[in-house]
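Listing of run_26.txt; format and content: compact mmCIF, C-alpha atoms.
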# COMPACT_ATOMS: atom_id res chain seq x y z
CA MET A 1 119.45 110.32 79.35
CA PRO A 2 115.98 111.74 78.61
CA VAL A 3 115.99 114.51 76.00
CA LYS A 4 114.30 117.01 78.36
CA LEU A 5 116.93 116.46 81.03
CA LYS A 6 119.67 116.84 78.44
CA HIS A 7 118.20 120.15 77.30
CA LEU A 8 117.86 121.32 80.89
CA LEU A 9 121.51 120.51 81.64
CA LEU A 10 122.67 122.22 78.48
CA SER A 11 120.65 125.31 79.35
CA LEU A 12 122.09 125.32 82.86
CA CYS A 13 125.62 125.06 81.45
CA ALA A 14 124.95 127.93 79.04
CA VAL A 15 123.52 130.15 81.78
CA THR A 16 126.45 129.32 84.09
CA PHE A 17 128.89 130.13 81.31
CA ILE A 18 127.23 133.48 80.53
CA ILE A 19 127.10 134.53 84.18
CA SER A 20 130.73 133.46 84.74
CA ALA A 21 131.87 135.37 81.66
CA ALA A 22 129.99 138.51 82.77
CA TYR A 23 131.41 138.15 86.29
CA LEU A 24 134.97 137.81 85.01
CA ASP A 25 134.56 140.70 82.56
CA LEU A 26 133.32 143.03 85.29
CA MET A 27 135.98 141.82 87.71
CA PHE A 28 138.77 142.57 85.23
CA ARG A 29 137.27 145.96 84.38
CA ALA A 30 137.05 146.79 88.08
CA LYS A 31 140.68 145.74 88.48
CA SER A 32 141.74 147.87 85.54
CA ALA A 33 139.85 150.92 86.86
CA TYR A 34 141.25 150.32 90.36
CA LEU A 35 144.81 150.20 88.98
CA GLU A 36 144.20 153.49 87.15
CA GLY A 37 143.12 154.92 90.51
CA GLU A 38 146.31 153.56 92.07
CA LYS A 39 148.41 155.18 89.35
CA TYR A 40 146.89 158.60 89.92
CA MET A 41 147.03 158.16 93.69
CA ALA A 42 150.76 157.44 93.45
CA TRP A 43 151.16 160.55 91.28
CA SER A 44 149.20 162.61 93.77
CA LYS A 45 151.50 161.56 96.61
CA ASN A 46 154.67 161.78 94.55
CA PRO A 47 154.38 164.26 91.65
CA VAL A 48 157.89 163.33 90.45
CA LEU A 49 156.43 160.02 89.20
CA LYS A 50 153.89 161.92 87.14
CA LYS A 51 156.54 164.26 85.77
CA ASP A 52 158.75 161.31 84.76
CA PHE A 53 155.82 159.57 83.07
CA LEU A 54 154.78 162.66 81.12
CA ASP A 55 158.41 163.46 80.21
CA LYS A 56 158.83 159.97 78.75
CA ILE A 57 155.67 160.29 76.66
CA PHE A 58 156.72 163.74 75.49
CA SER A 59 160.19 162.50 74.49
CA ALA A 60 158.77 159.55 72.54
CA LYS A 61 156.27 161.75 70.68
CA LEU A 62 158.93 164.37 69.97
CA GLN A 63 161.24 161.69 68.60
CA ALA A 64 158.51 160.44 66.27
CA LEU A 65 157.86 164.01 65.16
CA ALA A 66 161.56 164.64 64.52
CA ALA A 67 161.67 161.48 62.39
CA GLU A 68 158.77 162.80 60.31
CA ARG A 69 160.57 166.11 59.89
CA ALA A 70 163.82 164.35 58.93
CA ALA A 71 161.93 162.36 56.29
CA ASN A 72 160.44 165.62 54.95
CA ARG A 73 156.91 164.42 55.63
CA ILE A 74 156.18 167.66 57.51
CA THR A 75 157.54 171.21 57.13
CA GLU A 76 159.68 172.98 59.70
CA ASP A 77 156.73 175.20 60.61
CA ASP A 78 154.49 172.16 61.15
CA PHE A 79 157.20 170.58 63.25
CA GLU A 80 157.42 173.65 65.48
CA ASP A 81 153.62 173.90 65.78
CA LYS A 82 153.26 170.25 66.69
CA LYS A 83 156.15 170.46 69.14
CA ASP A 84 154.44 173.40 70.86
CA SER A 85 151.23 171.36 71.02
CA LEU A 86 153.04 168.45 72.63
CA LEU A 87 154.65 170.74 75.19
CA ALA A 88 151.35 172.41 75.97
CA GLU A 89 149.69 169.00 76.33
CA LYS A 90 152.37 167.94 78.80
CA ASP A 91 151.97 171.15 80.81
CA PHE A 92 148.22 170.78 80.74
CA LYS A 93 148.33 167.22 82.04
CA THR A 94 150.85 168.23 84.68
CA VAL A 95 148.47 170.70 86.31
CA GLU A 96 145.46 168.36 86.24
CA SER A 97 144.65 167.09 89.73
CA SER A 98 145.88 163.53 90.17
CA ALA A 99 143.81 163.18 93.34
CA LYS A 100 140.67 164.02 91.40
CA TYR A 101 141.46 161.40 88.75
CA ALA A 102 142.28 158.85 91.47
CA TYR A 103 138.94 159.50 93.18
CA VAL A 104 136.88 159.18 90.00
CA TRP A 105 138.68 155.98 88.92
CA TYR A 106 138.25 154.42 92.39
CA LYS A 107 134.61 155.42 92.36
CA THR A 108 134.14 153.94 88.89
CA ALA A 109 135.79 150.69 90.00
CA GLY A 110 133.85 150.52 93.26
CA THR A 111 130.40 151.42 92.00
CA TYR A 112 130.05 151.19 88.22
CA PHE A 113 131.64 147.74 87.99
CA SER A 114 129.79 146.42 91.01
CA PRO A 115 127.93 144.14 91.46
CA PRO A 116 129.66 141.76 91.57
CA VAL A 117 131.55 142.63 94.73
CA THR A 118 135.15 141.56 94.19
CA ARG A 119 138.51 142.22 95.79
CA TRP A 120 139.00 145.17 93.42
CA THR A 121 135.66 146.83 94.10
CA ARG A 122 136.25 146.47 97.85
CA LEU A 123 139.74 147.96 97.61
CA ALA A 124 138.48 150.80 95.42
CA ARG A 125 135.73 151.65 97.91
CA GLN A 126 138.25 151.62 100.74
CA LYS A 127 140.62 153.99 98.96
CA ALA A 128 138.14 156.41 97.38
CA PRO A 129 137.65 158.49 100.59
CA GLU A 130 141.40 159.10 100.90
CA ALA A 131 141.61 160.30 97.28
CA LEU A 132 138.56 162.50 97.82
CA ALA A 133 140.12 164.03 100.94
CA LEU A 134 143.31 164.79 98.98
CA TRP A 135 141.31 166.38 96.17
CA LYS A 136 139.33 168.51 98.62
CA ALA A 137 142.56 169.59 100.31
CA GLU A 138 143.91 170.67 96.90
CA LEU A 139 140.77 172.66 96.16
CA LYS A 140 140.89 174.33 99.56
CA ALA A 141 144.59 175.13 99.14
CA GLY A 142 143.78 176.72 95.78
CA LYS A 143 140.92 178.63 97.43
CA THR A 144 138.42 177.03 95.08
CA GLU A 145 134.95 177.18 96.55
CA PHE A 146 132.92 173.99 96.30
CA LYS A 147 130.12 172.09 97.94
CA ASP A 148 130.54 168.40 98.66
CA TYR A 149 127.68 167.40 96.35
CA GLN A 150 129.45 169.09 93.44
CA ILE A 151 132.43 166.78 93.56
CA GLU A 152 131.17 163.60 95.18
CA MET B 1 109.44 147.88 75.71
CA GLU B 2 110.22 150.49 73.09
CA ASN B 3 108.92 154.01 73.39
CA PRO B 4 107.79 155.31 69.98
CA GLY B 5 109.10 158.78 70.85
CA PHE B 6 112.66 157.52 71.14
CA ALA B 7 115.18 156.02 68.74
CA VAL B 8 116.72 152.61 69.40
CA PRO B 9 120.31 152.73 70.70
CA ALA B 10 121.28 149.71 68.59
CA ASP B 11 120.55 151.76 65.48
CA LYS B 12 123.09 154.40 66.50
CA LEU B 13 126.83 154.28 65.93
CA VAL B 14 129.11 156.13 68.36
CA LEU B 15 132.68 157.01 67.37
CA ILE B 16 135.01 157.29 70.38
CA VAL B 17 138.21 159.30 69.96
CA ASP B 18 140.72 159.18 72.80
CA ASP B 19 144.44 158.44 72.91
CA ASP B 20 144.28 156.98 76.43
CA GLU B 21 143.53 153.26 76.19
CA ALA B 22 142.07 152.99 79.69
CA VAL B 23 139.67 155.87 79.02
CA ARG B 24 138.79 154.53 75.57
CA ASP B 25 137.98 151.10 77.03
CA LEU B 26 135.85 152.61 79.79
CA ILE B 27 133.88 154.78 77.36
CA GLU B 28 133.41 151.82 75.00
CA PHE B 29 132.05 149.70 77.85
CA VAL B 30 129.67 152.44 78.99
CA ILE B 31 128.38 153.13 75.49
CA LYS B 32 127.95 149.44 74.59
CA LYS B 33 126.19 148.83 77.90
CA GLU B 34 123.69 151.49 76.88
CA GLY B 35 122.98 149.48 73.74
CA PHE B 36 124.82 151.57 71.14
CA ARG B 37 127.20 150.34 68.47
CA VAL B 38 130.78 151.55 68.78
CA ASP B 39 133.77 152.39 66.64
CA LYS B 40 137.03 153.81 67.99
CA ALA B 41 139.91 156.05 66.94
CA VAL B 42 143.09 156.97 68.78
CA ASP B 43 143.76 160.39 67.28
CA GLY B 44 142.35 163.16 65.12
CA GLU B 45 143.56 161.76 61.83
CA GLU B 46 142.01 158.35 62.41
CA ALA B 47 138.87 160.07 63.68
CA LEU B 48 138.51 162.03 60.45
CA ARG B 49 139.07 158.93 58.35
CA LYS B 50 136.56 156.85 60.29
CA ALA B 51 134.00 159.66 60.43
CA ARG B 52 134.03 159.71 56.63
CA GLN B 53 134.06 155.92 56.30
CA VAL B 54 131.41 154.85 58.79
CA SER B 55 129.28 158.02 59.22
CA PRO B 56 128.74 157.75 62.97
CA ASP B 57 125.64 159.23 64.60
CA ILE B 58 127.76 160.99 67.22
CA ILE B 59 131.46 161.54 67.95
CA LEU B 60 132.88 161.59 71.48
CA LEU B 61 136.05 163.58 70.98
CA ASP B 62 138.80 163.87 73.54
CA LEU B 63 140.01 167.41 73.13
CA MET B 64 142.63 167.77 75.80
CA LEU B 65 143.92 170.91 74.18
CA PRO B 66 141.34 172.70 72.08
CA LYS B 67 143.73 175.59 71.46
CA PHE B 68 146.43 173.44 69.98
CA GLY B 69 145.21 171.44 67.03
CA GLY B 70 141.79 170.46 68.34
CA PHE B 71 140.07 173.17 66.37
CA GLU B 72 141.52 171.81 63.14
CA ILE B 73 139.72 168.52 63.75
CA LEU B 74 136.46 170.29 64.57
CA ARG B 75 136.72 172.37 61.42
CA GLU B 76 137.60 169.35 59.25
CA LEU B 77 134.53 167.62 60.62
CA GLN B 78 132.46 170.53 59.36
CA SER B 79 133.13 169.49 55.78
CA ASP B 80 130.19 168.33 53.66
CA GLU B 81 130.39 164.62 54.48
CA THR B 82 130.51 164.98 58.25
CA VAL B 83 128.93 168.36 59.00
CA ASN B 84 125.76 166.88 60.50
CA ILE B 85 127.50 164.59 62.98
CA PRO B 86 127.05 165.94 66.51
CA ILE B 87 130.21 166.08 68.61
CA VAL B 88 130.59 165.82 72.38
CA ILE B 89 133.88 167.24 73.61
CA ILE B 90 135.60 165.40 76.42
CA THR B 91 138.07 167.73 78.04
CA GLY B 92 139.96 168.60 81.20
CA ARG B 93 138.82 170.98 83.88
CA TYR B 94 141.42 173.58 83.05
CA THR B 95 139.97 174.55 79.70
CA ASP B 96 139.56 178.27 80.30
CA ARG B 97 136.26 180.05 79.86
CA SER B 98 137.15 181.85 76.63
CA THR B 99 138.30 178.60 75.01
CA SER B 100 135.19 176.70 76.04
CA ASP B 101 133.02 179.58 74.82
CA MET B 102 134.81 179.46 71.48
CA ILE B 103 134.28 175.72 71.16
CA LYS B 104 130.58 176.12 71.96
CA GLN B 105 130.29 178.43 68.95
CA GLU B 106 131.24 175.55 66.67
CA PRO B 107 127.99 174.35 65.08
CA ASN B 108 128.83 170.64 65.39
CA VAL B 109 129.70 170.76 69.12
CA LYS B 110 126.64 169.76 71.14
CA ASP B 111 127.99 169.27 74.65
CA PHE B 112 130.98 169.04 76.96
CA ILE B 113 132.00 166.29 79.34
CA GLU B 114 134.67 166.95 81.89
CA LYS B 115 137.53 164.53 82.40
CA PRO B 116 137.84 162.17 84.18
CA VAL B 117 134.79 160.61 82.59
CA LYS B 118 131.90 159.70 84.89
CA PRO B 119 129.98 156.81 83.28
CA GLN B 120 126.47 157.89 84.24
CA ALA B 121 126.99 161.47 83.04
CA LEU B 122 128.41 160.26 79.72
CA ALA B 123 125.52 157.88 79.11
CA ALA B 124 122.96 160.58 79.91
CA VAL B 125 124.51 163.06 77.47
CA VAL B 126 124.65 160.55 74.60
CA HIS B 127 121.02 159.48 75.13
CA LYS B 128 119.92 163.12 75.28
CA ILE B 129 121.61 164.08 72.02
CA LEU B 130 120.61 160.96 70.09
CA LYS B 131 117.10 160.99 71.57
CA THR B 132 117.40 157.40 72.69
CA GLN B 133 116.33 155.61 75.85
CA PRO B 134 118.55 153.71 78.26
CA PRO B 135 118.00 149.95 78.09
CA VAL B 136 115.69 148.37 80.66
CA LYS B 137 117.87 146.63 83.25
CA LYS B 138 116.78 143.00 83.44
CA PHE B 139 119.65 141.56 85.45
CA GLY B 140 121.82 142.72 88.29
CA ILE B 141 124.97 142.54 86.19
Show how you would write the structure in this file as structure tokens.
Amino acid sequence: MPVKLKHLLLSLCAVTFIISAAYLDLMFRAKSAYLEGEKYMAWSKNPVLKKDFLDKIFSAKLQALAAERAANRITEDDFEDKKDSLLAEKDFKTVESSAKYAYVWYKTAGTYFSPPVTRWTRLARQKAPEALALWKAELKAGKTEFKDYQIE
Amino acid sequence: MENPGFAVPADKLVLIVDDDEAVRDLIEFVIKKEGFRVDKAVDGEEALRKARQVSPDIILLDLMLPKFGGFEILRELQSDETVNIPIVIITGRYTDRSTSDMIKQEPNVKDFIEKPVKPQALAAVVHKILKTQPPVKKFGI
């Protein structure tokens, strides 16, 4: 095989590899962002799922904190302060709008990780309007004034 | 083509601090795509350690609860070694006005980004603070 042809084929292989790797990377990132959107969408429709999730995280962190206290690595006052922080964090996350998070994650999956257009970017684009409608309904229910351009 | 008025993103190191892996990965992707170098931390303690070790040019700090512990990190970062590192706070919508006003008084806090993170807004803020330019897009992907 002539040397020039060999170099050309090698270059083509390298370019194909780079493009394939970039495609796969973006596809998996879009999938990951889409699944985050799905998680928040499920929480928006069923807040008990969100509560269970946050309760589990709180319990695990509290257990770790209690172990530190038991080992005398932190004082009782520190333990109480950190426990209050964990509780406040849980409460804070509980009141955050899941619909808003779902919308932004779908939008990220559908626009930021596209092109390429993949199954995940298509699904994200399909579901984003529903999440946006839910978020708007929440804002309206809370009597929060907004213009569409502010949130879209 | 480089603009002499701007710094080069590749010369800048961004420290990302967030306990949520999905958010951390997204921010890392956005920041690397803009040409910056990246280091990561999952909590305040690791952030302090890395800030002292690697001297980042900017810290993107998830401060879900500024009232409860977040201020300690901000204050620690005002120590001699790290006082000049600008910090961008990434926080939730429900940070009340008085809290956000208090955070803005901190000399190392340069900006706020609301959660959930929007990639374009994040990139714009980091470029503005570091006086860098977004990379020229040569390919579609």
TODO: Show which residues sit within 7 Å of range 41-58 of chain A, as number ranges by chain. Count all atoms listed in the file, and ignore same-chain residues fewer than 4 positions away.
DONE: A: 37, 62, 86, 90, 98-99, 102, 131
Open item on the list: Taking all atoms listed in the file into account and nothing else, which residues of chain A lie no more than 7 Å away from chain B? Please answer as number ranges by chain.
Closed with: A: 85, 89, 101, 104, 115
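What separates CA of Leu63 in chain B from CA of Val38 in chain B is a distance of 18.9 Å.
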Open item on the list: Report, in Å with one decimal, the straight-line distance from CA of Gln150 in chain A to CA of Lys136 in chain A.
Closed with: 11.2 Å
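The gap separating CA of Glu81 in chain B from CA of Arg52 in chain B is 6.5 Å, in Å to one decimal.
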Open item on the list: Let me make sure I understand: among B:Ala10, B:Ile58, B:Val42, B:Asp101, which one has the smallest atom-to-atom distance to Lys128 in chain B if we use only C-alpha atoms?
Closed with: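 With only C-alpha atoms as the atom set, the closest residue is B:Ile58.
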Open item on the list: Restricting the calculation to all atoms listed in the file: of B:Gly44, B:Pro107, B:Gly5, B:Pro86, which residue gets closest to Pro56 in chain B?
Closed with: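 The answer is B:Pro86, which sits nearest to Pro56 in chain B.
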Task: Neighbour list for Ala128 in chain A as a list in words, cut-off 7 Å, all atoms listed in the file, skip fewer than 3 positions in-chain - done: Tyr103, Tyr106, Lys107, Ala124, Arg125, Ala131 and Leu132 of chain A
Around all the atoms of range 32-47 of chain B listed in the file, with 6 Å of room on each side, what axis-aligned box do you get, giving centre and edge lengths in Å to one decimal, as JSON?
{"center_x": 133.4, "center_y": 156.0, "center_z": 69.9, "size_x": 32.8, "size_y": 26.3, "size_z": 28.1}
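Nearest to Glu28 in chain B of all the residues B:Val125, B:Ser79, B:Leu48, B:Leu60 is B:Leu60, based on only C-alpha atoms.
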Once all heavy atoms are restored for range 59-70 of chain A, what would the output be as a PDB file, in the frame of the given file?
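In the end it all went to part-v7.pdb:
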ATOM      1  N   SER A  59     158.962 162.817  75.230  1.00  0.00           N
ATOM      2  CA  SER A  59     160.190 162.500  74.490  1.00  0.00           C
ATOM      3  C   SER A  59     159.898 161.549  73.324  1.00  0.00           C
ATOM      4  O   SER A  59     160.407 161.743  72.216  1.00  0.00           O
ATOM      5  CB  SER A  59     161.217 161.834  75.411  1.00  0.00           C
ATOM      6  OG  SER A  59     161.595 162.732  76.394  1.00  0.00           O
ATOM      7  N   ALA A  60     159.084 160.535  73.589  1.00  0.00           N
ATOM      8  CA  ALA A  60     158.770 159.550  72.540  1.00  0.00           C
ATOM      9  C   ALA A  60     158.024 160.214  71.384  1.00  0.00           C
ATOM     10  O   ALA A  60     158.327 159.971  70.200  1.00  0.00           O
ATOM     11  CB  ALA A  60     157.940 158.412  73.125  1.00  0.00           C
ATOM     12  N   LYS A  61     157.055 161.083  71.726  1.00  0.00           N
ATOM     13  CA  LYS A  61     156.270 161.750  70.680  1.00  0.00           C
ATOM     14  C   LYS A  61     157.146 162.738  69.900  1.00  0.00           C
ATOM     15  O   LYS A  61     157.007 162.872  68.683  1.00  0.00           O
ATOM     16  CB  LYS A  61     155.067 162.474  71.292  1.00  0.00           C
ATOM     17  CG  LYS A  61     153.954 161.524  71.722  1.00  0.00           C
ATOM     18  CD  LYS A  61     152.756 162.297  72.236  1.00  0.00           C
ATOM     19  CE  LYS A  61     151.587 161.372  72.549  1.00  0.00           C
ATOM     20  NZ  LYS A  61     150.430 162.080  73.122  1.00  0.00           N
ATOM     21  N   LEU A  62     158.048 163.405  70.624  1.00  0.00           N
ATOM     22  CA  LEU A  62     158.930 164.370  69.970  1.00  0.00           C
ATOM     23  C   LEU A  62     159.883 163.651  69.011  1.00  0.00           C
ATOM     24  O   LEU A  62     160.158 164.138  67.900  1.00  0.00           O
ATOM     25  CB  LEU A  62     159.716 165.152  71.020  1.00  0.00           C
ATOM     26  CG  LEU A  62     160.522 166.331  70.497  1.00  0.00           C
ATOM     27  CD1 LEU A  62     159.599 167.381  69.866  1.00  0.00           C
ATOM     28  CD2 LEU A  62     161.342 166.977  71.617  1.00  0.00           C
ATOM     29  N   GLN A  63     160.339 162.487  69.449  1.00  0.00           N
ATOM     30  CA  GLN A  63     161.240 161.690  68.600  1.00  0.00           C
ATOM     31  C   GLN A  63     160.532 161.272  67.302  1.00  0.00           C
ATOM     32  O   GLN A  63     161.115 161.362  66.213  1.00  0.00           O
ATOM     33  CB  GLN A  63     161.656 160.428  69.361  1.00  0.00           C
ATOM     34  CG  GLN A  63     163.096 160.057  69.137  1.00  0.00           C
ATOM     35  CD  GLN A  63     163.525 158.932  70.083  1.00  0.00           C
ATOM     36  OE1 GLN A  63     162.776 158.544  70.980  1.00  0.00           O
ATOM     37  NE2 GLN A  63     164.706 158.414  69.871  1.00  0.00           N
ATOM     38  N   ALA A  64     159.293 160.845  67.445  1.00  0.00           N
ATOM     39  CA  ALA A  64     158.510 160.440  66.270  1.00  0.00           C
ATOM     40  C   ALA A  64     158.305 161.635  65.329  1.00  0.00           C
ATOM     41  O   ALA A  64     158.388 161.503  64.100  1.00  0.00           O
ATOM     42  CB  ALA A  64     157.170 159.870  66.706  1.00  0.00           C
ATOM     43  N   LEU A  65     158.064 162.790  65.935  1.00  0.00           N
ATOM     44  CA  LEU A  65     157.860 164.010  65.160  1.00  0.00           C
ATOM     45  C   LEU A  65     159.143 164.407  64.420  1.00  0.00           C
ATOM     46  O   LEU A  65     159.109 164.788  63.241  1.00  0.00           O
ATOM     47  CB  LEU A  65     157.431 165.130  66.117  1.00  0.00           C
ATOM     48  CG  LEU A  65     156.673 166.318  65.548  1.00  0.00           C
ATOM     49  CD1 LEU A  65     155.388 165.867  64.869  1.00  0.00           C
ATOM     50  CD2 LEU A  65     156.363 167.317  66.665  1.00  0.00           C
ATOM     51  N   ALA A  66     160.258 164.297  65.125  1.00  0.00           N
ATOM     52  CA  ALA A  66     161.560 164.640  64.520  1.00  0.00           C
ATOM     53  C   ALA A  66     161.849 163.705  63.337  1.00  0.00           C
ATOM     54  O   ALA A  66     162.413 164.146  62.316  1.00  0.00           O
ATOM     55  CB  ALA A  66     162.655 164.543  65.564  1.00  0.00           C
ATOM     56  N   ALA A  67     161.459 162.442  63.477  1.00  0.00           N
ATOM     57  CA  ALA A  67     161.670 161.480  62.390  1.00  0.00           C
ATOM     58  C   ALA A  67     160.843 161.877  61.165  1.00  0.00           C
ATOM     59  O   ALA A  67     161.312 161.777  60.019  1.00  0.00           O
ATOM     60  CB  ALA A  67     161.295 160.082  62.862  1.00  0.00           C
ATOM     61  N   GLU A  68     159.627 162.343  61.422  1.00  0.00           N
ATOM     62  CA  GLU A  68     158.770 162.800  60.310  1.00  0.00           C
ATOM     63  C   GLU A  68     159.377 164.010  59.624  1.00  0.00           C
ATOM     64  O   GLU A  68     159.358 164.135  58.398  1.00  0.00           O
ATOM     65  CB  GLU A  68     157.378 163.152  60.828  1.00  0.00           C
ATOM     66  CG  GLU A  68     156.503 161.956  61.106  1.00  0.00           C
ATOM     67  CD  GLU A  68     155.039 162.347  61.168  1.00  0.00           C
ATOM     68  OE1 GLU A  68     154.589 163.154  60.338  1.00  0.00           O
ATOM     69  OE2 GLU A  68     154.350 161.838  62.067  1.00  0.00           O
ATOM     70  N   ARG A  69     159.931 164.899  60.449  1.00  0.00           N
ATOM     71  CA  ARG A  69     160.570 166.110  59.890  1.00  0.00           C
ATOM     72  C   ARG A  69     161.800 165.713  59.064  1.00  0.00           C
ATOM     73  O   ARG A  69     162.006 166.230  57.958  1.00  0.00           O
ATOM     74  CB  ARG A  69     160.959 167.062  61.027  1.00  0.00           C
ATOM     75  CG  ARG A  69     161.727 168.284  60.571  1.00  0.00           C
ATOM     76  CD  ARG A  69     160.834 169.233  59.799  1.00  0.00           C
ATOM     77  NE  ARG A  69     161.597 170.213  59.037  1.00  0.00           N
ATOM     78  CZ  ARG A  69     161.750 170.207  57.711  1.00  0.00           C
ATOM     79  NH1 ARG A  69     161.206 169.234  56.987  1.00  0.00           N
ATOM     80  NH2 ARG A  69     162.430 171.134  57.098  1.00  0.00           N
ATOM     81  N   ALA A  70     162.594 164.780  59.614  1.00  0.00           N
ATOM     82  CA  ALA A  70     163.820 164.350  58.930  1.00  0.00           C
ATOM     83  C   ALA A  70     163.494 163.706  57.586  1.00  0.00           C
ATOM     84  O   ALA A  70     164.264 163.816  56.629  1.00  0.00           O
ATOM     85  CB  ALA A  70     164.583 163.369  59.820  1.00  0.00           C
TER      86      ALA A  70
END
